[in-house]
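Participant: Just so it is clear, I am handing over start_17.cif, which has mmCIF, C-alpha atoms.
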data_model
loop_
_atom_site.label_atom_id
_atom_site.label_comp_id
_atom_site.auth_asym_id
_atom_site.auth_seq_id
_atom_site.Cartn_x
_atom_site.Cartn_y
_atom_site.Cartn_z
CA MET J 1 40.12 99.05 83.16
CA LEU J 2 42.71 101.57 84.30
CA LEU J 3 41.93 100.61 87.86
CA PHE J 4 43.45 97.23 87.27
CA LEU J 5 46.78 98.58 86.12
CA SER J 6 49.54 98.34 88.64
CA PRO J 7 50.40 101.83 89.82
CA ALA J 8 54.05 100.92 89.39
CA VAL J 9 53.62 100.72 85.63
CA ILE J 10 52.77 104.01 84.01
CA PHE J 11 52.25 104.37 80.29
CA ALA J 12 53.09 107.63 78.65
CA GLY J 13 52.91 107.24 74.94
CA ASP J 14 55.78 105.05 73.93
CA VAL J 15 57.65 104.93 77.20
CA GLU J 16 56.61 102.86 80.17
CA VAL J 17 58.05 103.36 83.62
CA GLU J 18 58.35 100.37 85.91
CA GLY J 19 59.09 100.15 89.60
CA ALA J 20 59.83 103.82 90.18
CA TRP J 21 60.83 104.84 93.71
CA ILE J 22 62.51 107.75 95.41
CA ARG J 23 65.00 107.25 98.18
CA ALA J 24 64.03 108.47 101.62
CA VAL J 25 66.93 110.64 102.79
CA PRO J 26 67.76 112.46 106.02
CA PRO J 27 65.65 115.60 106.58
CA SER J 28 68.74 117.80 106.20
CA SER J 29 69.38 116.56 102.66
CA LYS J 30 69.58 118.95 99.74
CA ALA J 31 68.98 116.24 97.18
CA THR J 32 67.65 112.77 96.62
CA ALA J 33 67.44 110.34 93.75
CA ALA J 34 64.70 108.59 91.80
CA PHE J 35 65.20 105.10 90.39
CA MET J 36 63.12 103.27 87.80
CA THR J 37 63.22 101.15 84.70
CA LEU J 38 62.39 103.01 81.49
CA VAL J 39 60.90 100.79 78.81
CA ASN J 40 60.73 102.13 75.27
CA ARG J 41 58.03 100.42 73.16
CA SER J 42 58.67 102.58 70.10
CA GLU J 43 60.89 102.16 67.08
CA LYS J 44 62.88 105.28 67.93
CA PRO J 45 65.28 106.02 70.76
CA VAL J 46 63.80 108.22 73.48
CA LEU J 47 65.86 110.68 75.50
CA VAL J 48 64.99 111.51 79.08
CA THR J 49 66.29 115.03 79.59
CA GLY J 50 65.06 115.96 83.06
CA GLY J 51 61.84 116.64 84.86
CA THR J 52 59.78 118.77 87.18
CA SER J 53 58.22 118.16 90.56
CA PRO J 54 56.67 120.28 93.30
CA VAL J 55 59.29 119.02 95.75
CA ALA J 56 62.41 119.88 93.74
CA GLY J 57 63.72 123.01 92.06
CA GLU J 58 65.91 121.09 89.67
CA ILE J 59 65.77 117.58 88.24
CA LYS J 60 68.55 116.18 86.08
CA PRO J 61 69.79 112.85 84.79
CA MET J 62 72.96 111.72 86.50
CA ILE J 63 75.36 108.88 85.90
CA THR J 64 77.65 107.07 88.31
CA THR J 65 81.21 106.67 87.19
CA LYS J 66 83.22 103.71 88.40
CA GLN J 67 86.96 103.89 88.61
CA GLY J 68 89.22 100.91 88.97
CA ASP J 69 90.08 101.04 92.65
CA GLY J 70 86.55 100.97 94.05
CA VAL J 71 86.23 104.73 93.65
CA MET J 72 82.91 106.01 92.40
CA GLY J 73 81.74 109.44 91.43
CA MET J 74 78.77 111.06 89.80
CA GLY J 75 78.28 113.34 86.87
CA PHE J 76 75.40 115.10 85.18
CA VAL J 77 74.54 114.22 81.61
CA GLU J 78 72.31 115.97 79.10
CA SER J 79 70.03 112.98 78.84
CA PHE J 80 69.54 109.25 79.29
CA SER J 81 68.90 107.46 76.04
CA VAL J 82 66.43 104.61 76.08
CA PRO J 83 67.09 102.54 72.96
CA ALA J 84 64.33 101.74 70.49
CA LYS J 85 62.44 98.66 71.73
CA GLY J 86 64.81 98.63 74.67
CA ARG J 87 65.02 99.50 78.32
CA ARG J 88 67.21 101.45 80.67
CA VAL J 89 67.57 100.65 84.33
CA LEU J 90 68.17 103.46 86.82
CA GLU J 91 69.20 101.91 90.13
CA PRO J 92 71.04 102.64 93.37
CA GLY J 93 74.75 102.88 92.83
CA GLY J 94 74.15 103.49 89.13
CA ASP J 95 72.36 105.97 86.90
CA HIS J 96 69.56 107.93 88.49
CA ILE J 97 67.31 110.95 88.24
CA MET J 98 68.62 113.54 90.64
CA LEU J 99 66.14 115.72 92.53
CA MET J 100 67.87 118.88 93.74
CA LYS J 101 66.99 122.18 95.40
CA LEU J 102 64.51 120.24 97.49
CA ARG J 103 61.67 122.47 98.70
CA GLU J 104 60.74 119.75 101.11
CA VAL J 105 62.44 116.48 101.85
CA PRO J 106 59.85 113.81 101.06
CA GLY J 107 59.51 111.31 103.87
CA ALA J 108 59.29 107.53 103.60
CA GLY J 109 55.76 106.48 102.74
CA SER J 110 54.89 109.66 100.88
CA VAL J 111 54.23 109.86 97.15
CA VAL J 112 55.93 112.46 94.98
CA PRO J 113 54.42 113.72 91.72
CA LEU J 114 57.13 113.96 89.10
CA VAL J 115 56.94 114.72 85.39
CA LEU J 116 59.79 113.40 83.29
CA THR J 117 60.66 115.33 80.16
CA THR J 118 61.46 113.27 77.09
CA GLU J 119 62.59 113.89 73.55
CA SER J 120 62.07 111.64 70.58
CA GLY J 121 62.25 112.45 66.90
CA GLY J 122 62.49 116.16 67.68
CA LYS J 123 59.34 116.12 69.83
CA THR J 124 59.18 116.89 73.50
CA GLY J 125 57.06 114.62 75.66
CA HIS J 126 56.10 114.26 79.29
CA ILE J 127 55.69 111.24 81.51
CA ARG J 128 53.57 111.90 84.57
CA LEU J 129 54.53 109.79 87.55
CA GLU J 130 53.45 109.39 91.14
CA ILE J 131 56.52 107.96 92.80
CA PRO J 132 56.54 106.32 96.23
CA VAL J 133 59.30 107.27 98.67
CA ARG J 134 61.02 104.49 100.57
CA MET A 135 75.29 107.11 73.29
CA ALA A 136 77.69 105.12 75.41
CA ARG A 137 80.54 107.07 73.87
CA THR A 138 78.89 110.41 74.64
CA ARG A 139 78.37 109.42 78.23
CA HIS A 140 81.95 108.39 78.55
CA SER A 141 83.38 111.62 77.19
CA ASP A 142 80.99 113.54 79.44
CA ALA A 143 82.42 111.84 82.45
CA ARG A 144 85.96 112.21 81.25
CA SER A 145 85.80 115.92 80.49
CA ARG A 146 84.29 116.41 83.90
CA ARG A 147 87.28 114.79 85.47
CA ILE A 148 89.78 116.95 83.63
CA GLY A 149 89.04 119.80 85.99
CA LEU A 150 89.59 117.77 89.11
CA ILE A 151 90.76 119.64 92.12
CA LEU A 152 92.96 117.42 94.15
CA PHE A 153 92.20 117.30 97.80
CA ALA A 154 94.84 119.25 99.66
CA ALA A 155 96.18 116.75 102.11
CA CYS A 156 95.28 113.53 100.41
CA ALA A 157 95.36 114.07 96.66
CA VAL A 158 94.87 110.90 94.70
CA VAL A 159 96.07 107.98 96.71
CA ALA A 160 97.50 105.00 94.97
CA VAL A 161 95.85 101.84 96.17
CA PRO A 162 98.25 100.52 98.73
CA ALA A 163 99.34 97.02 99.36
CA LEU A 164 96.37 96.52 101.63
CA ILE A 165 93.91 96.12 98.80
CA VAL A 166 96.32 93.90 96.91
CA LEU A 167 96.59 91.69 99.95
CA PHE A 168 92.84 91.47 100.15
CA SER A 169 92.43 90.61 96.50
CA MET A 170 95.03 87.88 96.79
CA ALA A 171 93.19 86.52 99.79
CA GLY A 172 90.05 85.93 97.70
CA ASN A 173 89.27 82.24 97.78
CA SER A 174 86.18 80.54 96.46
CA SER A 175 86.23 77.92 99.25
CA SER A 176 86.37 80.62 101.91
CA PRO A 177 83.41 80.69 104.30
CA TRP A 178 83.63 84.47 104.25
CA PHE A 179 81.40 86.46 101.95
CA GLY A 180 83.72 89.45 101.69
CA GLN A 181 87.39 89.29 100.88
CA TYR A 182 88.96 87.89 103.99
CA ASP A 183 92.47 88.65 105.10
CA ALA A 184 93.76 85.65 107.05
CA GLU A 185 96.87 87.54 108.11
CA THR A 186 96.67 89.87 111.04
CA HIS A 187 96.84 93.52 110.02
CA PRO A 188 95.91 96.01 112.71
CA ALA A 189 93.39 98.49 111.35
CA PHE A 190 94.71 102.05 111.45
CA ASP A 191 93.74 103.59 114.78
CA PHE A 192 92.30 106.87 113.60
CA SER A 193 91.66 109.75 115.95
CA LEU A 194 88.71 111.83 114.76
CA ALA A 195 85.60 113.55 116.16
CA ASP A 196 82.14 111.98 116.42
CA GLN A 197 78.78 113.58 115.65
CA ASP A 198 78.69 115.09 119.13
CA GLY A 199 82.09 116.69 118.57
CA LYS A 200 83.78 114.33 121.01
CA PRO A 201 87.18 112.80 120.26
CA PHE A 202 86.81 109.32 118.89
CA ARG A 203 89.43 106.67 118.29
CA LEU A 204 89.01 103.31 116.67
CA GLN A 205 90.64 101.89 119.77
CA ASP A 206 87.52 102.95 121.71
CA LEU A 207 85.71 100.13 119.93
CA ARG A 208 88.05 97.33 120.97
CA GLY A 209 86.02 94.24 121.80
CA GLN A 210 83.45 95.08 119.12
CA ALA A 211 83.11 94.37 115.42
CA VAL A 212 83.26 97.51 113.28
CA LEU A 213 81.80 98.05 109.83
CA LEU A 214 83.56 101.10 108.40
CA SER A 215 82.87 103.12 105.28
CA PHE A 216 83.88 106.49 103.87
CA GLY A 217 81.67 109.08 102.21
CA PHE A 218 80.13 112.52 102.67
CA THR A 219 76.70 113.73 103.71
CA ARG A 220 75.89 115.55 100.45
CA CYS A 221 76.36 112.24 98.66
CA PRO A 222 72.88 111.43 97.39
CA ASN A 223 73.34 107.96 95.91
CA ILE A 224 76.33 105.85 96.93
CA CYS A 225 76.47 106.78 100.63
CA PRO A 226 72.77 106.38 101.39
CA THR A 227 72.84 103.09 99.50
CA THR A 228 75.82 101.92 101.55
CA LEU A 229 74.38 103.07 104.89
CA GLY A 230 70.96 101.65 103.99
CA HIS A 231 72.52 98.24 103.38
CA LEU A 232 74.61 98.45 106.55
CA ALA A 233 71.44 99.31 108.49
CA ALA A 234 69.88 96.14 107.09
CA VAL A 235 72.98 94.14 108.10
CA TYR A 236 72.69 95.57 111.60
CA ARG A 237 68.98 94.72 111.84
CA LYS A 238 69.75 91.13 110.89
CA LEU A 239 72.10 90.71 113.84
CA PRO A 240 70.65 89.31 117.06
CA PRO A 241 70.49 91.93 119.84
CA SER A 242 73.48 90.41 121.63
CA ALA A 243 75.58 90.86 118.48
CA GLN A 244 74.22 94.36 117.84
CA GLU A 245 75.56 95.31 121.25
CA ARG A 246 79.00 94.27 120.08
CA THR A 247 78.89 95.82 116.60
CA LYS A 248 79.39 99.41 115.49
CA VAL A 249 78.79 100.92 112.09
CA VAL A 250 81.12 103.85 111.46
CA PHE A 251 80.80 106.37 108.63
CA ILE A 252 83.78 108.68 108.10
CA SER A 253 83.04 111.83 106.13
CA VAL A 254 85.94 112.86 103.92
CA ASP A 255 84.27 116.18 103.08
CA GLU A 256 85.73 119.23 104.80
CA ARG A 257 82.27 120.86 104.53
CA ASP A 258 80.88 118.28 106.94
CA SER A 259 80.83 118.95 110.66
CA PRO A 260 79.73 116.95 113.69
CA ALA A 261 76.40 118.80 113.34
CA SER A 262 75.86 117.80 109.72
CA LEU A 263 76.79 114.21 110.56
CA LYS A 264 74.34 114.25 113.44
CA GLU A 265 71.57 115.18 111.04
CA TYR A 266 72.62 112.51 108.57
CA VAL A 267 73.93 109.33 110.15
CA PRO A 268 71.19 108.60 112.75
CA PHE A 269 68.63 108.64 109.94
CA PHE A 270 69.91 105.22 108.92
CA ASN A 271 70.25 103.92 112.47
CA ASP A 272 70.48 105.92 115.65
CA ARG A 273 73.35 103.76 116.85
CA PHE A 274 75.56 104.50 113.85
CA ILE A 275 78.60 106.68 114.39
CA GLY A 276 79.56 109.55 112.07
CA LEU A 277 83.11 110.86 112.20
CA THR A 278 84.91 113.86 110.81
CA GLY A 279 88.27 115.49 111.34
CA THR A 280 90.89 117.81 109.97
CA PRO A 281 91.76 117.40 106.29
CA ALA A 282 95.17 116.09 107.39
CA ASP A 283 93.71 113.47 109.73
CA LEU A 284 91.12 112.43 107.18
CA GLY A 285 93.80 112.13 104.51
CA THR A 286 95.98 109.99 106.75
CA THR A 287 93.04 107.80 107.73
CA ALA A 288 91.79 107.27 104.20
CA ARG A 289 95.30 106.51 102.98
CA ALA A 290 95.80 103.95 105.72
CA TYR A 291 92.67 102.10 104.58
CA GLY A 292 93.56 102.30 100.92
CA ALA A 293 90.57 104.56 100.43
CA SER A 294 90.87 107.51 98.10
CA PHE A 295 88.78 110.58 97.56
CA ARG A 296 88.99 113.64 95.37
CA LYS A 297 86.88 116.65 94.66
CA ALA A 298 84.95 116.67 91.43
CA PRO A 299 83.25 119.86 90.27
CA ALA A 300 79.45 119.72 90.31
CA VAL A 301 78.75 121.84 87.29
CA GLY A 302 75.32 123.38 86.88
CA SER A 303 73.66 122.19 90.04
CA ASP A 304 73.12 123.18 93.62
CA MET A 305 75.09 120.24 94.93
CA GLY A 306 77.65 122.69 96.25
CA ASP A 307 80.81 123.66 94.45
CA TYR A 308 81.90 120.11 94.20
CA MET A 309 81.05 116.54 94.89
CA ILE A 310 83.51 113.90 95.93
CA ASP A 311 84.57 110.84 94.05
CA HIS A 312 85.36 108.38 96.78
CA SER A 313 86.16 104.79 97.62
CA THR A 314 83.13 102.64 98.09
CA TYR A 315 84.65 99.79 100.06
CA THR A 316 83.26 98.75 103.41
CA TYR A 317 85.70 97.30 105.93
CA LEU A 318 84.96 94.81 108.68
CA ILE A 319 87.31 95.16 111.65
CA ASP A 320 87.42 92.37 114.25
CA PRO A 321 87.10 92.88 118.03
CA GLU A 322 90.90 92.80 118.36
CA GLY A 323 91.17 95.78 116.01
CA ASN A 324 92.39 93.88 112.97
CA LEU A 325 91.20 94.57 109.46
CA ARG A 326 89.57 91.29 108.45
CA VAL A 327 87.12 91.59 105.59
CA LEU A 328 86.66 93.95 102.66
CA TYR A 329 83.40 94.40 100.74
CA ARG A 330 83.00 95.92 97.34
CA PHE A 331 80.01 98.22 96.87
CA GLU A 332 78.33 95.66 94.63
CA GLN A 333 78.41 93.09 97.45
CA LEU A 334 76.48 95.23 99.94
CA PRO A 335 72.97 94.11 98.93
CA GLU A 336 73.85 90.67 100.35
CA THR A 337 73.11 91.90 103.85
CA GLY A 338 72.45 88.45 105.33
CA ARG A 339 75.83 87.14 104.25
CA ILE A 340 77.58 90.23 105.59
CA ALA A 341 75.74 89.74 108.90
CA ASP A 342 77.08 86.16 108.94
CA ASP A 343 80.62 87.53 108.48
CA VAL A 344 80.04 89.92 111.38
CA LEU A 345 78.89 87.05 113.59
CA ARG A 346 81.96 85.11 112.51
CA VAL A 347 84.41 87.86 113.55
CA LEU A 348 82.48 88.13 116.81
CA GLY A 349 82.98 84.41 117.30
CA THR A 350 79.26 83.81 117.69
CA ARG A 351 77.17 81.31 115.85
CA ALA A 352 74.51 82.42 113.41
CA SER A 353 71.93 81.47 116.04
CA GLY A 354 73.18 84.47 117.95
CA ARG A 355 74.37 82.58 121.00
CA GLN A 356 77.30 84.14 122.73
CA PRO A 357 80.35 81.90 123.08
#
Show how you would write the structure in this file as structure tokens.
Facilitator:
Amino acid sequence: MLLFLSPAVIFAGDVEVEGAWIRAVPPSSKATAAFMTLVNRSEKPVLVTGGTSPVAGEIKPMITTKQGDGVMGMGFVESFSVPAKGRRVLEPGGDHIMLMKLREVPGAGSVVPLVLTTESGGKTGHIRLEIPVR
Amino acid sequence: MARTRHSDARSRRIGLILFAACAVVAVPALIVLFSMAGNSSSPWFGQYDAETHPAFDFSLADQDGKPFRLQDLRGQAVLLSFGFTRCPNICPTTLGHLAAVYRKLPPSAQERTKVVFISVDERDSPASLKEYVPFFNDRFIGLTGTPADLGTTARAYGASFRKAPAVGSDMGDYMIDHSTYTYLIDPEGNLRVLYRFEQLPETGRIADDVLRVLGTRASGRQP
């Protein structure tokens, strides 16, 4: 049965991750970003607080700030909240999961294991992902 | 949650270090001109400036450390954007889209089109640009320069940039909030079309604009 599930949709308890991908970046890069849609099936908000991966020493949620004159910047946040029965889209030019202190720069076509850390109702959870790089 | 996010971003900006030469640049008349030029019946996808405004002829250094002036590209269309190589989201997104625009051009138009990325980060060097820019396309040009020259150049294009502390990460001491416009300069060296970041995924329509400033038809035939 599991074999028939699309690898792009991963269930982890109450949160489903759709269409996750990591951006292929130049080999000299110190960081890259992961994008995905987080779908919360539960009745409680779920916070995504960070993650772990063999390729990165540090993984944090990051937002993109837009200022009026076309200027954009980025800032770390403690967590992304995925509303109860709602979804949150992480996409290029917007919010993303930042992978820093890269131990290796994953190349296009590779797949990166990444575990997202979540919090909901005082409990810590983990979402195990295998994310393609493109 | 939205409120929390907002105050996060705001408190982060309180500690802004203004870039020495450039500081925060007010958006000059250039952008106003462009926004007034917006016209729904226009065949142009980006914001087209029908008046002739010579693009500022910057004098910077390319990824090989050689002097580079915009004037060197006379006779070619130029897609120009600003950023920095440690930029992990906006700049790769921009350059990725511009690479797709470039791929959509017929070879004859590619020969007459240059994509130029100017780093506004004093930590960047020709060497760091050489590791970064060709990843997107080996024909793209990465430029850097003195803080004064970069400030003057950015100001002339109505682009602004400022350091923003990168607290609690290894992104370096700071990141840079920067303009995300892409500029299309015609073969005569005039600033013709402005694209907002959100427009960049429409790579086919931007390629059509490039062909239009080159005076070629979408079929790729040379005039």
Participant: Wanna dump the chain J-chain A contacts at 6 Å for me, each residue with its shortest atom pair and the distance in Å to one decimal, counting all atoms listed in the file, ordered by chain and number, as a tab-separated table?
Facilitator:
residue	atom	partner	partner_atom	distance
J:Pro26	CA	A:Tyr266	CA	5.5
J:Thr32	CA	A:Pro222	CA	5.5
J:Gly70	CA	A:Ser313	CA	5.2
J:Val71	CA	A:Ser313	CA	4.0
J:Met72	CA	A:Asp311	CA	5.4
J:Gly73	CA	A:Asp311	CA	4.1
J:Gly93	CA	A:Ile224	CA	5.3
Participant: Calculated over all atoms listed in the file, which of the candidates J:Val55, J:Glu91, J:Val15, J:Phe35 has the smallest distance to Thr117 (chain J)?
Facilitator: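 Ranking J:Val55, J:Glu91, J:Val15, J:Phe35 by distance to Thr117 (chain J), first place goes to J:Val15.
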Participant: One decimal, Å: what's the distance from CA of Val115 (chain J) over to CA of Thr65 (chain J), could you say?
Facilitator: 25.6 Å
Participant: Determine the residue set returned by the PyMOL selection byres ((chain J and resi 128) around 8) for the present structure, and present it as a PyMOL selection string.
Facilitator: chain J and resi 10+12+113-116+126-127+129-130
Participant: Need the neighbours of (89.1, 98.2, 123.4): which residues are at most 12 Å away, counting only C-alpha atoms, as a ChimeraX atom specification?
Facilitator: /A:191,203-212,246,320-324
Participant: Between CA of Ser242 (chain A) and CA of Ala261 (chain A), what is the distance, to one decimal in Å?
Facilitator: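 Distance reported for this atom pair: 29.7 Å.
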Participant: To one decimal place, how far is CA of Phe190 (chain A) from CA of Asp283 (chain A) in Å?
Facilitator: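 That distance, rounded to one decimal, is 11.6 Å.
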Participant: Please provide the set of residues having any atom within 9 Å of region 44-46 of chain J, restricted to all atoms listed in the file, with same-chain residues fewer than 5 positions apart removed, written as a list in words.
Facilitator: Asp14, Val15, Phe80, Ser81, Val82, Pro83, Ala84, Lys85, Gly86, Thr118, Glu119, Ser120 and Gly121 of chain J
